[in-house]
Amino acid sequence: MAKTFKKPQALSDQPTHYCPGCTHGIIHRLVAEVIDELGIRGRTVGIAPVGCAVLAYNYFTFDFQEAAHGRAPAMATGIKRVRPDLIVFTYQGDGDLASIGMGEIIHAANRGEKFTTIFVNNTVYGMTGGQMAPTTLQGQRTTTSPAGRNVEEVGMPVKMAELLSALETPAYITRQTVLKPKYVVRAKKAIKKAFQYQMEGRCFSLVELVSTCPTNWGLTPVEAIKWAEDNMLPYFKLGEYKTPDTVEED
Amino acid sequence: MGKILMKGNEAIGEAAIRAGCLNYFAYPITPQSEVAEYLSRRMPEVGGVFLQAESEIAVANMLFGAAGCGARVFTTSSSPGISLMSEAISYISSAQCPVVFVNIVRGGPGLGGILPSQADYFQATKGGGHGDYRLLVMAPASVQEAVEMVMMAFPLAEKYRNPVMILGDGLIGQMMEPVEFPEHLRSEPSNKDDWATNGMDTRKSNKPNLVKSLFLNAELLEEHNILLKAKYDRMKQEEVRYESYNTDTDYQALIVSFGTMSRVCRTVIDNLKAQGFETAMIRPQTLFPFPQEPIKQAALKESCKVVFSIELNMGQMVEDVERSVQGKRPVHWYGKAGGDVPTPEEVIDVIKSFF
């Protein structure tokens, strides 16, 4: 009997270190499937962030570089500028991208660097134990906001997709999620589009993915999905924020 | 190609191109912005990459990415900029990527000033960033030597898979001197297929390459640090470079000085000679590895009573000179750190005060 469902070639056999219910596994798989389908494994370079996905290179079967905290977009810029024929993507969390790496992501996006960013937003610093992130929701308790995020003190959560789509240059900015199968299908389409745009030589693309962190939220995997749907989706609205058609071309 | 008159900063930019480095990422900072200005014109002419980044932090990480995928890359900056790059320099050292950094040092600490200084000696030779790493550091004393060192830096960085730093100062960068370049561009970068993320198709391999610095396992991190140390030890064996001046006389004092300051010290030695008083100099051309043994041997000469470390800072290299001399002769420091380069007369007065 023929196998109808198998592991993508771009994923390794190694079991991941991700917690039960964490959505990194799904997102890794989507990226790997897209890379397989586009036949670009042999010319792809991934950039791992600092955060839970720092060990992503153990789970993919193509070249990888490991960035300093927040610096993945600068590293990707370096690679893409000297080797435009390579397909380059950064894989970053919200602490990495929206806090310490805010400068790097904005400038890379604004220069129209021809790489792709997979941005996993789960509202906390996962790897370091669930501290408050720039994306932590109003009133959300974390290990460094035990009374809940106080927006009087630290402002409202940062909406990266909206913020980056205010720039003129980027080609494709979208926010998706993997909380339900129907969303997973859409997220995959978005990731594939982002890589295709890169292959076409269009400038910067970013796919933000609303994700969960059951461990640091103190919830079961099922509760975490419900919490994200009820609390994150109303604030971090899904949709295509910028597509190449909305970029004016001469 | 004959000699041409060229500003130090522009000559450094041209030297990198002649060394086959066609990728330059930078951020403007005085007193070296002319390198970026020069290369913004020159790189397109040779089909190279020029990018002005949003910060020195971004520059250093762009270099990390580009070197990690196998390209020959460099940047130029000045002291505060190098401080910002130091995070990435630590990562680049650990990930063993060949990158060339040129630091046209300005006075510090903080914003300091823009005049000649050697106050980044510690930063360049003792770390700067976190962790156990070393840079191979070269210090030119003329524009011609800056050109030669930049050209040497790329093969050395590739030989050791380690960052190399050229430590100049505002005088080297801003001064015009006659320079000569080799006629032809150097050949393509060496083969980096064993480790660079140049794409599996590029190297016709099915095995991914990984450029990283994380070793969570204690034994693996220990092993990694031992491997790095072996490289630094090998540099100490193979890469020490220095110049001796007037050491074949029965000198009474030995001067250790590098870069711009060593030019003044040459005049000091010539003027004292004319007065019938012999002194000599060891000029380190590599600051790491440091010419420890040559300095020790020169200090131990019977006629030599005292050793001076003369620097454009408040006394940094003097610690390495003391380490070299090992207490066999008194070692004294003299220097200035505001941007004024001491005159030969000032240095002569200092030396004479000991006799």
# chains A, B, ... in the order shown; residues from 1 in each chain; ligands from 1

call {"tool": "select_by_dssp", "arguments": {"residues": "segment 29-149 of chain B", "states": "strand (DSSP E or B)", "output": "ChimeraX atom specification"}}
result
/B:49-52,74-77,100-106,116,136-138

call {"tool": "write_last_selection", "arguments": {"atoms": "N, CA and C atoms", "output": "PDB file, in the first residue's frame"}}
result
ATOM      1  N   VAL B  49      29.492  44.234  -3.318  1.00  0.00           N
ATOM      2  CA  VAL B  49      28.343  44.598  -2.485  1.00  0.00           C
ATOM      3  C   VAL B  49      28.749  45.722  -1.534  1.00  0.00           C
ATOM      4  N   PHE B  50      27.985  46.809  -1.559  1.00  0.00           N
ATOM      5  CA  PHE B  50      28.157  47.876  -0.569  1.00  0.00           C
ATOM      6  C   PHE B  50      26.818  48.073   0.108  1.00  0.00           C
ATOM      7  N   LEU B  51      26.794  48.025   1.435  1.00  0.00           N
ATOM      8  CA  LEU B  51      25.536  48.308   2.125  1.00  0.00           C
ATOM      9  C   LEU B  51      25.801  49.124   3.378  1.00  0.00           C
ATOM     10  N   GLN B  52      25.133  50.264   3.467  1.00  0.00           N
ATOM     11  CA  GLN B  52      25.170  51.057   4.697  1.00  0.00           C
ATOM     12  C   GLN B  52      24.025  50.571   5.581  1.00  0.00           C
ATOM     13  N   PHE B  74      34.225  42.364   4.907  1.00  0.00           N
ATOM     14  CA  PHE B  74      34.906  43.194   5.912  1.00  0.00           C
ATOM     15  C   PHE B  74      34.100  44.430   6.230  1.00  0.00           C
ATOM     16  N   THR B  75      34.507  45.079   7.317  1.00  0.00           N
ATOM     17  CA  THR B  75      33.938  46.381   7.659  1.00  0.00           C
ATOM     18  C   THR B  75      35.026  47.256   8.243  1.00  0.00           C
ATOM     19  N   THR B  76      34.720  48.540   8.319  1.00  0.00           N
ATOM     20  CA  THR B  76      35.601  49.467   9.002  1.00  0.00           C
ATOM     21  C   THR B  76      34.732  50.255   9.970  1.00  0.00           C
ATOM     22  N   SER B  77      35.320  50.631  11.106  1.00  0.00           N
ATOM     23  CA  SER B  77      34.567  51.400  12.078  1.00  0.00           C
ATOM     24  C   SER B  77      35.561  52.113  12.987  1.00  0.00           C
ATOM     25  N   VAL B 100      37.080  40.359   8.505  1.00  0.00           N
ATOM     26  CA  VAL B 100      38.115  41.356   8.801  1.00  0.00           C
ATOM     27  C   VAL B 100      37.447  42.642   9.302  1.00  0.00           C
ATOM     28  N   PHE B 101      37.885  43.092  10.453  1.00  0.00           N
ATOM     29  CA  PHE B 101      37.415  44.343  11.047  1.00  0.00           C
ATOM     30  C   PHE B 101      38.566  45.346  11.052  1.00  0.00           C
ATOM     31  N   VAL B 102      38.299  46.558  10.603  1.00  0.00           N
ATOM     32  CA  VAL B 102      39.305  47.610  10.711  1.00  0.00           C
ATOM     33  C   VAL B 102      38.786  48.613  11.735  1.00  0.00           C
ATOM     34  N   ASN B 103      39.574  48.855  12.779  1.00  0.00           N
ATOM     35  CA  ASN B 103      39.199  49.842  13.791  1.00  0.00           C
ATOM     36  C   ASN B 103      40.152  51.022  13.698  1.00  0.00           C
ATOM     37  N   ILE B 104      39.639  52.144  13.163  1.00  0.00           N
ATOM     38  CA  ILE B 104      40.431  53.377  13.151  1.00  0.00           C
ATOM     39  C   ILE B 104      40.130  54.059  14.487  1.00  0.00           C
ATOM     40  N   VAL B 105      40.950  53.733  15.455  1.00  0.00           N
ATOM     41  CA  VAL B 105      40.669  54.052  16.857  1.00  0.00           C
ATOM     42  C   VAL B 105      40.602  55.564  17.106  1.00  0.00           C
ATOM     43  N   ARG B 106      39.621  55.966  17.904  1.00  0.00           N
ATOM     44  CA  ARG B 106      39.530  57.344  18.367  1.00  0.00           C
ATOM     45  C   ARG B 106      39.614  57.347  19.883  1.00  0.00           C
ATOM     46  N   PRO B 116      43.784  60.924  17.122  1.00  0.00           N
ATOM     47  CA  PRO B 116      44.474  59.630  17.206  1.00  0.00           C
ATOM     48  C   PRO B 116      44.539  59.077  18.626  1.00  0.00           C
ATOM     49  N   LEU B 136      43.023  37.992  15.908  1.00  0.00           N
ATOM     50  CA  LEU B 136      44.379  38.243  15.444  1.00  0.00           C
ATOM     51  C   LEU B 136      44.424  39.739  15.138  1.00  0.00           C
ATOM     52  N   VAL B 137      45.289  40.474  15.823  1.00  0.00           N
ATOM     53  CA  VAL B 137      45.267  41.935  15.728  1.00  0.00           C
ATOM     54  C   VAL B 137      46.565  42.459  15.129  1.00  0.00           C
ATOM     55  N   MET B 138      46.449  43.255  14.076  1.00  0.00           N
ATOM     56  CA  MET B 138      47.632  43.857  13.449  1.00  0.00           C
ATOM     57  C   MET B 138      47.544  45.375  13.524  1.00  0.00           C
TER      58      MET B 138
END

call {"tool": "residues_around", "arguments": {"residues": "Thr197 of chain B", "least_positions_apart": "6", "cutoff": "6 Å", "atoms": "only C-alpha atoms", "output": "list in words"}}
result
Asp63 of chain A; Cys69 and Asn209 of chain B

call {"tool": "write_last_selection", "arguments": {"atoms": "C-alpha atoms", "output": "PDB file, in the first residue's frame"}}
result
ATOM      1  CA  ASP A  63      21.844  24.719   5.962  1.00  0.00           C
TER       2      ASP A  63
ATOM      3  CA  CYS B  69      27.651  31.472   3.918  1.00  0.00           C
ATOM      4  CA  ASN B 209      26.155  22.806   7.252  1.00  0.00           C
TER       5      ASN B 209
END

call {"tool": "interface_residues", "arguments": {"of": "chain A", "to": "chain B", "cutoff": "6 Å", "atoms": "only C-alpha atoms", "output": "PyMOL selection string"}}
result
chain A and resi 42-43+62-66+74-75+77-79

call {"tool": "write_last_selection", "arguments": {"atoms": "N, CA and C atoms", "output": "tab-separated table (two decimals), in the first residue's frame"}}
result
chain	number	residue	atom	x	y	z
A	42	GLY	N	17.99	22.42	-1.35
A	42	GLY	CA	19.43	22.48	-1.62
A	42	GLY	C	19.98	23.88	-1.73
A	43	ARG	N	19.12	24.88	-1.72
A	43	ARG	CA	19.64	26.26	-1.78
A	43	ARG	C	19.00	27.15	-0.71
A	62	PHE	N	18.51	21.21	6.08
A	62	PHE	CA	19.24	22.07	5.13
A	62	PHE	C	20.11	23.02	5.95
A	63	ASP	N	20.88	23.84	5.28
A	63	ASP	CA	21.84	24.72	5.96
A	63	ASP	C	21.15	25.68	6.94
A	64	PHE	N	21.82	25.91	8.04
A	64	PHE	CA	21.27	26.81	9.05
A	64	PHE	C	22.36	27.65	9.69
A	65	GLN	N	22.01	28.86	10.07
A	65	GLN	CA	22.88	29.68	10.91
A	65	GLN	C	22.08	30.07	12.15
A	66	GLU	N	22.83	30.26	13.23
A	66	GLU	CA	22.19	30.59	14.50
A	66	GLU	C	22.56	32.04	14.83
A	74	ALA	N	19.42	40.91	10.32
A	74	ALA	CA	20.70	41.44	9.83
A	74	ALA	C	21.53	40.31	9.24
A	75	MET	N	21.52	39.16	9.92
A	75	MET	CA	22.27	38.01	9.42
A	75	MET	C	21.72	37.56	8.06
A	77	THR	N	20.18	39.42	5.96
A	77	THR	CA	20.56	40.46	5.00
A	77	THR	C	21.95	40.17	4.44
A	78	GLY	N	22.88	39.85	5.36
A	78	GLY	CA	24.26	39.57	4.94
A	78	GLY	C	24.31	38.43	3.94
A	79	ILE	N	23.57	37.37	4.23
A	79	ILE	CA	23.60	36.20	3.35
A	79	ILE	C	22.99	36.54	1.99

call {"tool": "residues_around", "arguments": {"residues": "Val151 of chain A", "least_positions_apart": "6", "cutoff": "9 Å", "atoms": "only C-alpha atoms", "output": "list in words"}}
result
Gln138, Gly139 and Pro157 of chain A

call {"tool": "residues_around", "arguments": {"residues": "Ala337 of chain B", "least_positions_apart": "5", "cutoff": "12 Å", "atoms": "only C-alpha atoms", "output": "PyMOL selection string"}}
result
chain B and resi 105-109+112-120+261+310-316+342

call {"tool": "residues_around", "arguments": {"residues": "Ile17 of chain B", "least_positions_apart": "3", "cutoff": "10 Å", "atoms": "only C-alpha atoms", "output": "PyMOL selection string"}}
result
chain B and resi 11-14+20-24+39+42-43+46+48+150-151+184-186

call {"tool": "write_last_selection", "arguments": {"atoms": "C-alpha atoms", "output": "PDB file, in the first residue's frame"}}
result
ATOM      1  CA  ALA B  11      43.770  53.087   0.678  1.00  0.00           C
ATOM      2  CA  ILE B  12      42.307  50.622   3.187  1.00  0.00           C
ATOM      3  CA  GLY B  13      39.140  50.362   1.096  1.00  0.00           C
ATOM      4  CA  GLU B  14      41.115  49.812  -2.105  1.00  0.00           C
ATOM      5  CA  GLY B  20      39.514  39.973  -3.386  1.00  0.00           C
ATOM      6  CA  CYS B  21      37.035  41.171  -0.777  1.00  0.00           C
ATOM      7  CA  LEU B  22      34.046  42.481  -2.703  1.00  0.00           C
ATOM      8  CA  ASN B  23      31.571  42.671   0.176  1.00  0.00           C
ATOM      9  CA  TYR B  24      31.488  45.622   2.548  1.00  0.00           C
ATOM     10  CA  LEU B  39      33.634  52.004  -1.329  1.00  0.00           C
ATOM     11  CA  ARG B  42      34.165  51.670  -5.894  1.00  0.00           C
ATOM     12  CA  MET B  43      32.193  48.498  -5.050  1.00  0.00           C
ATOM     13  CA  VAL B  46      33.976  45.927  -9.394  1.00  0.00           C
ATOM     14  CA  GLY B  48      30.809  44.110  -5.318  1.00  0.00           C
ATOM     15  CA  VAL B 150      44.558  44.545   5.056  1.00  0.00           C
ATOM     16  CA  MET B 151      45.726  42.310   2.218  1.00  0.00           C
ATOM     17  CA  HIS B 184      45.821  42.239  -9.912  1.00  0.00           C
ATOM     18  CA  LEU B 185      42.910  41.232  -7.764  1.00  0.00           C
ATOM     19  CA  ARG B 186      43.530  38.281  -5.567  1.00  0.00           C
TER      20      ARG B 186
END

call {"tool": "residues_around", "arguments": {"residues": "Val207 of chain A", "least_positions_apart": "5", "cutoff": "12 Å", "atoms": "only C-alpha atoms", "output": "number ranges by chain"}}
result
A: 27, 30-31, 89-93, 115-121, 160-162, 164-165, 170-178, 186-195, 238-243

call {"tool": "write_last_selection", "arguments": {"atoms": "C-alpha atoms", "output": "compact mmCIF listing (two decimals), in the first residue's frame"}}
result
# COMPACT_ATOMS: atom_id res chain seq x y z
CA ILE A 27 4.89 25.60 11.91
CA LEU A 30 4.51 23.75 7.24
CA VAL A 31 7.84 25.40 6.42
CA PHE A 89 14.38 32.79 5.92
CA THR A 90 14.49 33.82 9.56
CA TYR A 91 12.41 32.00 12.15
CA GLN A 92 11.80 34.30 15.11
CA GLY A 93 9.68 34.61 18.21
CA PHE A 115 14.26 37.15 2.49
CA THR A 116 11.28 35.72 4.37
CA THR A 117 10.51 35.96 8.07
CA ILE A 118 8.41 33.39 9.92
CA PHE A 119 7.30 35.22 13.05
CA VAL A 120 5.87 33.06 15.84
CA ASN A 121 3.85 35.19 18.27
CA MET A 160 4.01 43.73 14.24
CA ALA A 161 2.08 42.91 11.07
CA GLU A 162 0.30 46.28 11.21
CA LEU A 164 5.54 46.65 9.30
CA SER A 165 2.81 47.08 6.74
CA PRO A 170 7.84 45.31 2.03
CA ALA A 171 6.12 43.02 -0.47
CA TYR A 172 4.07 40.69 1.66
CA ILE A 173 2.94 40.99 5.28
CA THR A 174 0.33 38.64 6.65
CA ARG A 175 -0.94 37.38 10.00
CA GLN A 176 -2.14 33.79 10.19
CA THR A 177 -2.54 31.15 12.88
CA VAL A 178 -2.37 27.39 13.32
CA ARG A 186 -4.38 29.04 5.23
CA ALA A 187 -1.12 29.47 7.10
CA LYS A 188 0.59 27.05 4.76
CA LYS A 189 -0.69 28.94 1.74
CA ALA A 190 0.68 32.16 3.22
CA ILE A 191 4.10 30.61 3.96
CA LYS A 192 4.24 29.22 0.44
CA LYS A 193 3.36 32.60 -1.05
CA ALA A 194 6.06 34.27 1.03
CA PHE A 195 8.72 31.86 -0.27
CA LEU A 238 -5.76 37.61 10.99
CA GLY A 239 -5.42 38.73 7.41
CA GLU A 240 -3.26 39.88 4.53
CA TYR A 241 -1.84 43.24 5.58
CA LYS A 242 0.22 43.83 2.49
CA THR A 243 0.51 41.95 -0.78

call {"tool": "residues_around", "arguments": {"residues": "segment 232-236 of chain A", "least_positions_apart": "2", "cutoff": "8 Å", "atoms": "only C-alpha atoms", "output": "PyMOL selection string"}}
result
chain A and resi 137+159+175+210+227-230+238

call {"tool": "write_last_selection", "arguments": {"atoms": "N, CA and C atoms", "output": "compact mmCIF listing (two decimals), in the first residue's frame"}}
result
# COMPACT_ATOMS: atom_id res chain seq x y z
N LEU A 137 -0.55 40.37 26.19
CA LEU A 137 -1.83 41.11 26.12
C LEU A 137 -2.08 41.92 27.40
N LYS A 159 1.69 45.36 17.65
CA LYS A 159 1.13 44.60 16.52
C LYS A 159 2.12 44.69 15.37
N ARG A 175 -0.85 38.03 8.69
CA ARG A 175 -0.94 37.38 10.00
C ARG A 175 -1.87 36.19 9.87
N VAL A 210 -0.05 33.49 14.93
CA VAL A 210 -0.57 33.53 16.30
C VAL A 210 -0.45 32.12 16.87
N TRP A 227 -7.78 29.72 24.71
CA TRP A 227 -7.37 31.04 25.25
C TRP A 227 -6.88 31.94 24.11
N ALA A 228 -6.08 31.35 23.23
CA ALA A 228 -5.55 32.14 22.12
C ALA A 228 -6.68 32.62 21.20
N GLU A 229 -7.65 31.74 20.94
CA GLU A 229 -8.78 32.14 20.08
C GLU A 229 -9.58 33.26 20.72
N ASP A 230 -9.81 33.11 22.03
CA ASP A 230 -10.66 34.09 22.73
C ASP A 230 -9.95 35.42 22.97
N LEU A 238 -6.34 38.34 12.11
CA LEU A 238 -5.76 37.61 10.99
C LEU A 238 -6.04 38.35 9.68

call {"tool": "atom_distance", "arguments": {"atom1": "atom CA of Pro289 of chain B", "atom2": "atom CA of Gly8 of chain B"}}
result
24.3 Å

call {"tool": "closest_residue", "arguments": {"among": "B:Lys305, B:Leu221, B:Leu272, B:Ala230", "to": "Leu254 of chain B", "atoms": "only C-alpha atoms"}}
result
B:Lys305

call {"tool": "atom_distance", "arguments": {"atom1": "atom CA of Arg161 of chain B", "atom2": "atom CA of Gly47 of chain B"}}
result
25.1 Å

call {"tool": "atom_distance", "arguments": {"atom1": "atom CA of Gly173 of chain B", "atom2": "atom CA of His107 of chain A"}}
result
29.2 Å

call {"tool": "closest_residue", "arguments": {"among": "B:Ala139, B:Ile29, B:Thr267, B:Glu10", "to": "Pro344 of chain B", "atoms": "only C-alpha atoms"}}
result
B:Thr267

call {"tool": "select_by_dssp", "arguments": {"residues": "segment 76-306 of chain B", "states": "helix (DSSP H, G or I)", "output": "VMD selection string"}}
result
chain B and resid 79 to 94 121 to 125 143 to 160 170 to 174 218 to 238 259 to 274 292 to 299

call {"tool": "decode", "arguments": {"residues": "segment 121-133 of chain A", "atoms": "N, CA and C atoms", "output": "mmCIF file, in the first residue's frame"}}
result
data_model
loop_
_atom_site.group_PDB
_atom_site.id
_atom_site.type_symbol
_atom_site.label_atom_id
_atom_site.label_comp_id
_atom_site.auth_asym_id
_atom_site.auth_seq_id
_atom_site.Cartn_x
_atom_site.Cartn_y
_atom_site.Cartn_z
ATOM 1 N N ASN A 121 4.276 34.308 17.181
ATOM 2 C CA ASN A 121 3.854 35.194 18.267
ATOM 3 C C ASN A 121 3.022 34.406 19.285
ATOM 4 N N ASN A 122 3.598 34.177 20.467
ATOM 5 C CA ASN A 122 2.843 33.485 21.521
ATOM 6 C C ASN A 122 2.772 34.318 22.805
ATOM 7 N N THR A 123 3.052 35.595 22.693
ATOM 8 C CA THR A 123 2.874 36.606 23.757
ATOM 9 C C THR A 123 3.814 36.480 24.959
ATOM 10 N N VAL A 124 4.755 35.544 24.927
ATOM 11 C CA VAL A 124 5.693 35.446 26.062
ATOM 12 C C VAL A 124 7.102 35.065 25.582
ATOM 13 N N TYR A 125 8.072 35.324 26.455
ATOM 14 C CA TYR A 125 9.412 34.758 26.266
ATOM 15 C C TYR A 125 9.328 33.308 26.741
ATOM 16 N N GLY A 126 9.296 32.362 25.805
ATOM 17 C CA GLY A 126 9.086 30.974 26.189
ATOM 18 C C GLY A 126 10.313 30.341 26.812
ATOM 19 N N MET A 127 11.452 30.463 26.114
ATOM 20 C CA MET A 127 12.656 29.737 26.506
ATOM 21 C C MET A 127 13.148 30.131 27.895
ATOM 22 N N THR A 128 13.020 31.412 28.242
ATOM 23 C CA THR A 128 13.559 31.881 29.516
ATOM 24 C C THR A 128 12.555 31.723 30.653
ATOM 25 N N GLY A 129 11.366 31.211 30.356
ATOM 26 C CA GLY A 129 10.451 30.882 31.435
ATOM 27 C C GLY A 129 9.200 31.731 31.532
ATOM 28 N N GLY A 130 8.761 32.305 30.423
ATOM 29 C CA GLY A 130 7.450 32.952 30.410
ATOM 30 C C GLY A 130 7.407 34.378 30.907
ATOM 31 N N GLN A 131 8.446 35.136 30.611
ATOM 32 C CA GLN A 131 8.425 36.556 31.005
ATOM 33 C C GLN A 131 7.567 37.368 30.031
ATOM 34 N N MET A 132 7.268 38.602 30.438
ATOM 35 C CA MET A 132 6.450 39.488 29.612
ATOM 36 C C MET A 132 7.184 39.841 28.314
ATOM 37 N N ALA A 133 6.448 39.832 27.223
ATOM 38 C CA ALA A 133 6.999 40.191 25.907
ATOM 39 C C ALA A 133 6.313 41.461 25.420
#
